[in-house]
>>> print(open('structure-v8.txt').read())   # compact mmCIF, C-alpha atoms and all ligand atoms
# COMPACT_ATOMS: atom_id res chain seq x y z
CA ARG S 1 36.84 83.48 139.28
CA THR S 2 33.54 84.07 140.98
CA VAL S 3 34.01 85.77 144.33
CA TYR S 4 31.67 86.72 147.17
CA VAL S 5 31.41 90.30 148.39
CA ASN S 6 28.84 91.68 150.85
CA GLY S 7 25.94 89.43 149.84
CA GLU S 8 26.71 89.00 146.14
CA TYR S 9 28.45 86.46 143.93
CA LEU S 10 30.33 88.38 141.23
CA PRO S 11 33.11 87.94 138.70
CA GLU S 12 36.32 89.05 140.48
CA THR S 13 36.71 92.03 138.14
CA GLU S 14 33.33 93.43 139.22
CA ALA S 15 33.73 92.98 142.98
CA LYS S 16 34.23 96.26 144.84
CA VAL S 17 34.62 97.49 148.41
CA SER S 18 34.38 101.01 149.82
CA ILE S 19 37.54 103.10 150.16
CA PHE S 20 36.30 103.78 153.74
CA ASP S 21 36.24 100.10 154.62
CA ARG S 22 38.19 99.80 157.88
CA GLY S 23 39.83 96.61 156.68
CA PHE S 24 41.45 98.65 153.93
CA LEU S 25 42.24 101.77 156.02
CA MET S 26 43.27 100.19 159.34
CA ALA S 27 43.59 96.42 158.96
CA ASP S 28 40.49 96.42 161.18
CA ALA S 29 39.59 92.96 159.93
CA VAL S 30 40.00 89.28 160.68
CA TYR S 31 40.45 86.40 158.27
CA GLU S 32 40.54 82.65 157.82
CA VAL S 33 42.01 80.39 155.17
CA THR S 34 40.41 76.97 154.82
CA SER S 35 41.95 74.39 152.52
CA VAL S 36 40.07 72.39 149.92
CA LEU S 37 41.12 68.89 148.93
CA GLY S 38 39.21 66.75 146.45
CA GLY S 39 36.57 69.49 146.33
CA LYS S 40 35.99 69.19 150.11
CA LEU S 41 36.59 71.71 152.87
CA LEU S 42 39.02 70.61 155.57
CA ASP S 43 38.18 71.28 159.23
CA PHE S 44 35.60 73.98 158.56
CA GLN S 45 34.35 73.70 162.16
CA GLY S 46 37.80 74.55 163.47
CA HIS S 47 38.12 77.58 161.23
CA THR S 48 34.67 78.99 162.06
CA ALA S 49 35.27 78.47 165.78
CA ARG S 50 38.50 80.46 165.55
CA LEU S 51 36.83 83.12 163.36
CA GLN S 52 34.11 83.55 165.98
CA ARG S 53 36.77 83.88 168.67
CA SER S 54 38.71 86.52 166.66
CA LEU S 55 35.47 88.46 166.11
CA ASN S 56 34.55 88.28 169.81
CA GLU S 57 37.99 89.46 170.94
CA LEU S 58 37.59 92.58 168.76
CA GLN S 59 33.86 93.08 169.47
CA MET S 60 33.19 92.65 165.78
CA ILE S 61 30.00 91.16 164.37
CA SER S 62 29.91 88.95 161.30
CA PRO S 63 27.34 90.09 158.73
CA VAL S 64 26.48 86.44 158.04
CA THR S 65 25.85 83.46 160.33
CA MET S 66 28.30 80.55 160.47
CA ASP S 67 25.74 78.37 158.65
CA GLU S 68 25.48 80.93 155.86
CA LEU S 69 29.26 81.02 155.75
CA LEU S 70 29.41 77.27 155.14
CA GLU S 71 26.89 77.66 152.32
CA ILE S 72 28.98 80.45 150.73
CA HIS S 73 32.06 78.22 150.89
CA HIS S 74 30.17 75.40 149.15
CA GLN S 75 28.80 77.74 146.49
CA LEU S 76 32.28 79.11 145.73
CA ILE S 77 33.79 75.62 145.45
CA GLU S 78 31.04 74.69 143.02
CA LYS S 79 31.03 77.91 140.96
CA ASN S 80 34.81 77.75 140.56
CA ASN S 81 35.13 73.97 140.19
CA LEU S 82 37.71 74.03 142.92
CA GLU S 83 39.40 70.67 143.45
CA GLU S 84 42.54 71.57 145.36
CA GLY S 85 43.52 74.86 147.00
CA GLY S 86 41.74 77.03 149.50
CA ILE S 87 39.21 79.68 150.36
CA TYR S 88 40.15 83.06 151.79
CA LEU S 89 37.57 84.75 153.97
CA GLN S 90 37.79 88.22 155.48
CA VAL S 91 35.37 90.00 157.81
CA THR S 92 35.96 93.72 158.38
CA ARG S 93 34.37 96.16 160.79
CA GLY S 94 32.82 97.75 157.71
CA ALA S 95 32.94 101.22 156.20
CA GLY S 96 32.41 104.20 158.49
CA ALA S 97 31.46 107.63 157.18
CA ASP S 98 35.09 108.70 157.36
CA ARG S 99 38.48 107.59 158.65
CA ASP S 100 38.15 107.32 162.41
CA PHE S 101 40.20 105.61 165.15
CA VAL S 102 37.02 105.15 167.16
CA TRP S 103 35.08 102.02 166.21
CA PRO S 104 31.69 102.78 164.67
CA ASP S 105 28.56 101.51 166.42
CA PRO S 106 27.85 98.00 165.01
CA GLU S 107 24.13 98.88 165.03
CA GLU S 108 24.85 101.62 162.48
CA VAL S 109 27.74 100.22 160.48
CA LYS S 110 27.47 96.65 159.28
CA GLY S 111 30.60 94.54 158.89
CA GLY S 112 32.02 93.82 155.46
CA ILE S 113 32.73 90.35 154.11
CA VAL S 114 34.76 89.06 151.20
CA LEU S 115 35.55 85.50 150.10
CA PHE S 116 37.52 84.13 147.19
CA THR S 117 38.92 80.78 146.16
CA PHE S 118 42.45 80.00 145.02
CA ALA S 119 43.71 76.90 143.27
CA LYS S 120 46.97 75.49 144.66
CA LYS S 121 48.64 72.09 144.62
CA ILE S 122 48.81 71.08 148.29
CA THR S 123 49.56 67.41 147.96
CA GLU S 124 52.76 67.72 145.95
CA SER S 125 55.43 70.39 145.65
CA LYS S 126 59.16 70.95 145.36
CA SER S 127 59.28 72.10 148.98
CA LEU S 128 57.79 68.78 150.11
CA ASP S 129 60.39 66.81 148.18
CA GLU S 130 63.35 68.94 149.15
CA GLY S 131 62.36 70.72 152.36
CA ILE S 132 62.34 74.43 153.15
CA LYS S 133 65.11 76.78 154.24
CA VAL S 134 64.20 79.33 156.89
CA ILE S 135 65.84 82.34 158.49
CA SER S 136 65.05 83.77 161.91
CA VAL S 137 63.92 87.36 162.41
CA GLU S 138 62.95 89.28 165.53
CA ASP S 139 59.22 89.01 166.28
CA LEU S 140 58.10 92.63 165.99
CA ARG S 141 54.34 91.95 165.63
CA TRP S 142 51.74 93.21 168.10
CA GLY S 143 51.03 91.16 171.22
CA ARG S 144 47.67 89.62 170.26
CA ARG S 145 48.83 87.09 167.70
CA ASP S 146 46.08 84.73 168.84
CA ILE S 147 43.63 86.96 166.94
CA LYS S 148 43.84 86.32 163.20
CA THR S 149 43.88 89.92 161.97
CA THR S 150 44.84 91.14 158.51
CA GLN S 151 47.82 93.11 159.90
CA LEU S 152 50.26 91.17 157.75
CA LEU S 153 52.81 93.80 156.83
CA TYR S 154 55.45 92.51 159.24
CA PRO S 155 55.05 88.84 158.22
CA SER S 156 55.24 90.00 154.60
CA PHE S 157 58.39 92.04 155.40
CA ALA S 158 59.90 88.95 157.08
CA LYS S 159 59.06 86.77 154.07
CA MET S 160 60.88 89.28 151.85
CA GLN S 161 63.94 89.17 154.12
CA ALA S 162 63.90 85.38 153.79
CA LYS S 163 63.68 85.65 150.02
CA LYS S 164 66.61 88.08 149.90
CA ALA S 165 68.64 85.67 152.01
CA GLY S 166 67.97 82.81 149.59
CA ALA S 167 65.54 81.10 151.98
CA THR S 168 61.77 80.60 151.74
CA ASP S 169 60.26 81.16 155.17
CA ALA S 170 60.93 83.25 158.25
CA TRP S 171 60.66 82.12 161.87
CA PHE S 172 59.92 84.75 164.50
CA VAL S 173 62.03 84.93 167.65
CA GLU S 174 61.07 86.79 170.82
CA ASP S 175 63.16 86.98 174.02
CA GLY S 176 65.43 84.30 172.59
CA PHE S 177 62.67 81.78 171.83
CA VAL S 178 60.90 80.89 168.61
CA THR S 179 57.25 82.00 168.60
CA GLU S 180 56.02 80.70 165.22
CA GLY S 181 56.61 80.97 161.48
CA TYR S 182 55.57 83.98 159.34
CA ALA S 183 52.30 82.15 158.53
CA ASN S 184 52.59 78.76 160.21
CA ASN S 185 53.21 77.01 163.52
CA VAL S 186 56.60 75.38 163.93
CA TYR S 187 57.93 72.18 165.50
CA ILE S 188 61.18 70.36 166.12
CA VAL S 189 61.74 66.66 166.73
CA LYS S 190 64.49 65.43 169.06
CA ASP S 191 64.95 61.80 170.09
CA GLY S 192 61.42 61.02 168.93
CA VAL S 193 59.78 63.86 170.89
CA ILE S 194 57.79 66.51 169.01
CA ILE S 195 58.38 69.93 170.56
CA THR S 196 56.22 72.97 169.79
CA ARG S 197 55.48 76.19 171.65
CA GLN S 198 52.46 76.09 173.97
CA LEU S 199 49.35 78.14 173.16
CA SER S 200 49.17 81.71 174.46
CA ASN S 201 48.55 85.19 173.02
CA ASP S 202 52.07 85.00 171.53
CA ILE S 203 51.04 82.72 168.65
CA LEU S 204 48.10 81.92 166.44
CA HIS S 205 46.21 78.86 167.67
CA GLY S 206 46.64 76.90 164.46
CA ILE S 207 43.75 74.73 163.36
CA THR S 208 46.23 72.42 161.63
CA ARG S 209 48.37 72.44 164.81
CA ALA S 210 45.42 71.16 166.87
CA ALA S 211 44.72 68.35 164.37
CA ILE S 212 48.38 67.37 163.96
CA LEU S 213 48.98 67.20 167.73
CA LYS S 214 45.83 65.13 168.17
CA PHE S 215 46.95 62.68 165.47
CA ALA S 216 50.48 62.57 166.91
CA LYS S 217 49.16 61.65 170.36
CA GLU S 218 46.80 59.04 168.88
CA ALA S 219 49.79 57.51 167.08
CA GLN S 220 51.59 57.27 170.48
CA MET S 221 54.15 59.94 169.55
CA LYS S 222 55.49 62.02 172.43
CA VAL S 223 54.58 65.72 172.37
CA GLU S 224 56.10 68.47 174.53
CA GLU S 225 54.50 71.92 174.39
CA ARG S 226 57.19 74.40 175.37
CA PRO S 227 59.31 77.17 173.80
CA PHE S 228 62.60 76.31 172.06
CA THR S 229 65.52 78.38 170.76
CA ILE S 230 67.01 78.60 167.27
CA GLU S 231 70.11 76.75 168.55
CA GLU S 232 67.98 73.88 169.84
CA ALA S 233 66.13 73.75 166.51
CA GLN S 234 69.39 73.69 164.55
CA ALA S 235 70.55 70.73 166.65
CA ALA S 236 67.23 68.86 166.30
CA ASP S 237 66.76 65.65 164.28
CA GLU S 238 64.01 67.24 162.24
CA ALA S 239 61.93 70.43 161.94
CA PHE S 240 58.60 71.22 160.29
CA ALA S 241 55.81 73.78 160.02
CA THR S 242 52.03 73.42 159.82
CA SER S 243 49.30 75.55 158.25
CA ALA S 244 45.95 75.08 156.55
CA THR S 245 47.43 75.45 153.08
CA GLY S 246 50.70 73.61 153.74
CA PHE S 247 49.61 70.76 156.08
CA SER S 248 53.02 69.76 157.45
CA GLN S 249 56.04 71.14 155.60
CA PRO S 250 59.55 69.80 156.21
CA ILE S 251 62.27 72.32 157.16
CA VAL S 252 65.85 71.38 156.37
CA GLU S 253 67.89 74.50 157.09
CA ILE S 254 67.70 77.24 159.76
CA ASP S 255 69.90 80.35 159.45
CA GLY S 256 72.28 78.50 157.14
CA VAL S 257 72.64 75.45 159.44
CA THR S 258 71.45 72.06 158.16
CA VAL S 259 68.84 70.35 160.34
CA GLY S 260 69.22 66.58 160.78
CA THR S 261 70.16 64.87 157.53
CA GLY S 262 69.25 67.91 155.44
CA LYS S 263 66.37 65.93 153.92
CA PRO S 264 62.67 66.00 154.86
CA GLY S 265 62.25 64.01 158.07
CA PRO S 266 60.05 60.96 158.74
CA VAL S 267 57.89 62.48 161.50
CA SER S 268 56.64 65.38 159.39
CA ARG S 269 56.02 63.01 156.48
CA ARG S 270 54.10 60.55 158.64
CA LEU S 271 51.97 63.30 160.23
CA ARG S 272 51.23 64.68 156.80
CA GLU S 273 50.08 61.27 155.57
CA ILE S 274 47.88 60.76 158.63
CA TYR S 275 46.44 64.27 158.23
CA ILE S 276 45.51 63.68 154.57
CA ALA S 277 44.04 60.27 155.36
CA GLU S 278 42.04 61.40 158.39
CA MET S 279 40.89 64.94 157.61
CA PRO S 280 38.51 64.97 154.61
N1 LIG X 1 48.27 81.38 158.00
N2 LIG X 1 50.58 81.14 162.53
C1 LIG X 1 50.36 82.19 161.73
C2 LIG X 1 51.00 83.49 162.04
C3 LIG X 1 49.53 82.05 160.59
O1 LIG X 1 49.29 83.09 159.79
C4 LIG X 1 48.96 80.78 160.30
C5 LIG X 1 48.05 80.56 159.12
C6 LIG X 1 49.24 79.71 161.17
C7 LIG X 1 48.68 78.33 160.95
O2 LIG X 1 47.30 78.29 161.27
P1 LIG X 1 46.32 77.25 160.57
O3 LIG X 1 46.89 75.91 160.80
O4 LIG X 1 45.02 77.43 161.28
O5 LIG X 1 46.29 77.62 159.12
C8 LIG X 1 50.05 79.94 162.28
C9 LIG X 1 47.37 81.32 156.88
C10 LIG X 1 47.34 79.99 156.21
C11 LIG X 1 47.68 82.47 155.93
O6 LIG X 1 47.94 83.55 156.44
O7 LIG X 1 47.65 82.29 154.71
>>> encode(input="structure-v8.txt", output="structure tokens", more="lines below")
Ligand code: PDD
Amino acid sequence: RTVYVNGEYLPETEAKVSIFDRGFLMADAVYEVTSVLGGKLLDFQGHTARLQRSLNELQMISPVTMDELLEIHHQLIEKNNLEEGGIYLQVTRGAGADRDFVWPDPEEVKGGIVLFTFAKKITESKSLDEGIKVISVEDLRWGRRDIKTTQLLYPSFAKMQAKKAGATDAWFVEDGFVTEGYANNVYIVKDGVIITRQLSNDILHGITRAAILKFAKEAQMKVEERPFTIEEAQAADEAFATSATGFSQPIVEIDGVTVGTGKPGPVSRRLREIYIAEMP
């Protein structure tokens, strides 16, 4: 693969970052994942808008402009002949002279930036045909989940707990209510109404979530933005999750309890079809 690191396109084996990079030492970094379908970027505007917001919230400055970023994405798609998959992008606060809890002056230390592509089948998978099993775990992440930082140890820990339990994904629960999935936003459907937690600092403001809710409303589906419990989800007709690399993914089991018929539900399938038809 050809990757992009701090101004250069390089083979992945030659790309290097400083051991003092704050992304590496302190997860002092933000990221985005944009999907690619048919060689085209999906919802790039949405992802750059959120990136800019994450950077602003942490008083971080991107070393490249958003226009340059789009050009880098296009170059990487072309250089890697990427048809289907995604692009990972990470901006860090850069490498200080040493390890320091105090942020360096952005005038003196420039931010770091890394991008790489990954090929992945998004349009077909076993999980789409059969649905996904999830377990619930306590949400022990920090309180600013609206900022897309690279602090992913807890989501990774939760994913491992799911794997050990014979499931695939983990849903986070805080004060008795579901916040979101380990790396996706989650929804239930009851009597034709799509229910998903409202936006706040408790969850990431999913770019796919925004598109899916817009399409749902345009298709005259009812949407309720409010928190729900695991018990309510287990008793729902259908459940699903959305993310840039998964679109909408059907969920068929929560903590060992079958949801609905135990098969992928019609609402998540329909939204997925609309998303694929409307997005590129
Ligand atoms: N994850 N919530 C969390 C905690 C996430 O990490 C993600 C995305 C989402 C969905 O956001 P979007 O629709 O904008 O992708 C929600 C990415 C894909 C990842 O970490 O790989």
>>> residues_near_ligand(input="structure-v8.txt", ligand="ligand LIG 1 (chain X)", cutoff="6 Å", atoms="all atoms listed in the file", output="VMD selection string")
chain S and resid 33 182 to 185 204 206 to 209 242 to 245
>>> residues_around(input="structure-v8.txt", residues="Val30 (chain S)", least_positions_apart="6", cutoff="8 Å", atoms="only C-alpha atoms", output="JSON, numbers by chain")
{"S": [51, 54, 55, 90, 91, 92, 147, 148, 149, 150]}
>>> residues_near_point(input="structure-v8.txt", point="(52.6, 65.9, 155.6)", cutoff="9 Å", atoms="all atoms listed in the file", output="mmCIF file with C-alpha atoms, keeping the file's coordinate frame")
data_model
loop_
_atom_site.group_PDB
_atom_site.id
_atom_site.type_symbol
_atom_site.label_atom_id
_atom_site.label_comp_id
_atom_site.auth_asym_id
_atom_site.auth_seq_id
_atom_site.Cartn_x
_atom_site.Cartn_y
_atom_site.Cartn_z
ATOM 1 C CA THR S 123 49.560 67.410 147.960
ATOM 2 C CA LEU S 128 57.790 68.780 150.110
ATOM 3 C CA THR S 242 52.030 73.420 159.820
ATOM 4 C CA GLY S 246 50.700 73.610 153.740
ATOM 5 C CA PHE S 247 49.610 70.760 156.080
ATOM 6 C CA SER S 248 53.020 69.760 157.450
ATOM 7 C CA GLN S 249 56.040 71.140 155.600
ATOM 8 C CA PRO S 250 59.550 69.800 156.210
ATOM 9 C CA VAL S 267 57.890 62.480 161.500
ATOM 10 C CA SER S 268 56.640 65.380 159.390
ATOM 11 C CA ARG S 269 56.020 63.010 156.480
ATOM 12 C CA ARG S 270 54.100 60.550 158.640
ATOM 13 C CA LEU S 271 51.970 63.300 160.230
ATOM 14 C CA ARG S 272 51.230 64.680 156.800
ATOM 15 C CA GLU S 273 50.080 61.270 155.570
ATOM 16 C CA ILE S 274 47.880 60.760 158.630
ATOM 17 C CA TYR S 275 46.440 64.270 158.230
ATOM 18 C CA ILE S 276 45.510 63.680 154.570
#
>>> residues_near_point(input="structure-v8.txt", point="(55.2, 73.1, 164.8)", cutoff="8 Å", atoms="all atoms listed in the file", output="PyMOL selection string")
chain S and resi 180+184-188+195-197+209+239-242
>>> write_last_selection(input="structure-v8.txt", atoms="C-alpha atoms", output="short mmCIF file (atom, residue, chain, number, x, y, z; two decimals), in the coordinates of the input")
data_model
loop_
_atom_site.label_atom_id
_atom_site.label_comp_id
_atom_site.auth_asym_id
_atom_site.auth_seq_id
_atom_site.Cartn_x
_atom_site.Cartn_y
_atom_site.Cartn_z
CA GLU S 180 56.02 80.70 165.22
CA ASN S 184 52.59 78.76 160.21
CA ASN S 185 53.21 77.01 163.52
CA VAL S 186 56.60 75.38 163.93
CA TYR S 187 57.93 72.18 165.50
CA ILE S 188 61.18 70.36 166.12
CA ILE S 195 58.38 69.93 170.56
CA THR S 196 56.22 72.97 169.79
CA ARG S 197 55.48 76.19 171.65
CA ARG S 209 48.37 72.44 164.81
CA ALA S 239 61.93 70.43 161.94
CA PHE S 240 58.60 71.22 160.29
CA ALA S 241 55.81 73.78 160.02
CA THR S 242 52.03 73.42 159.82
#
>>> atom_distance(input="structure-v8.txt", atom1="CA of Thr229 (chain S)", atom2="CA of Val134 (chain S)")
14.0 Å
>>> atom_distance(input="structure-v8.txt", atom1="CA of Gln59 (chain S)", atom2="CA of Gly111 (chain S)")
11.2 Å
>>> atom_distance(input="structure-v8.txt", atom1="CA of Leu25 (chain S)", atom2="CA of Leu10 (chain S)")
23.2 Å
>>> residues_around(input="structure-v8.txt", residues="region 44-49 of chain S", least_positions_apart="6", cutoff="7 Å", atoms="all atoms listed in the file", output="NGL selection string")
:S and (32 or 34 or 66 or 207)
>>> closest_residue(input="structure-v8.txt", among="S:Ile77, S:Ala158, S:Val137, S:Leu42", to="Ala119 (chain S)", atoms="all atoms listed in the file")
S:Ile77
>>> residues_around(input="structure-v8.txt", residues="Val252 (chain S)", least_positions_apart="2", cutoff="12 Å", atoms="all atoms listed in the file", output="PyMOL selection string")
chain S and resi 127-135+167-169+188+233-241+249-250+254-265+268
>>> closest_residue(input="structure-v8.txt", among="S:Asp28, S:Asp98, S:Glu231, S:Asp43", to="Phe177 (chain S)", atoms="all atoms listed in the file")
S:Glu231
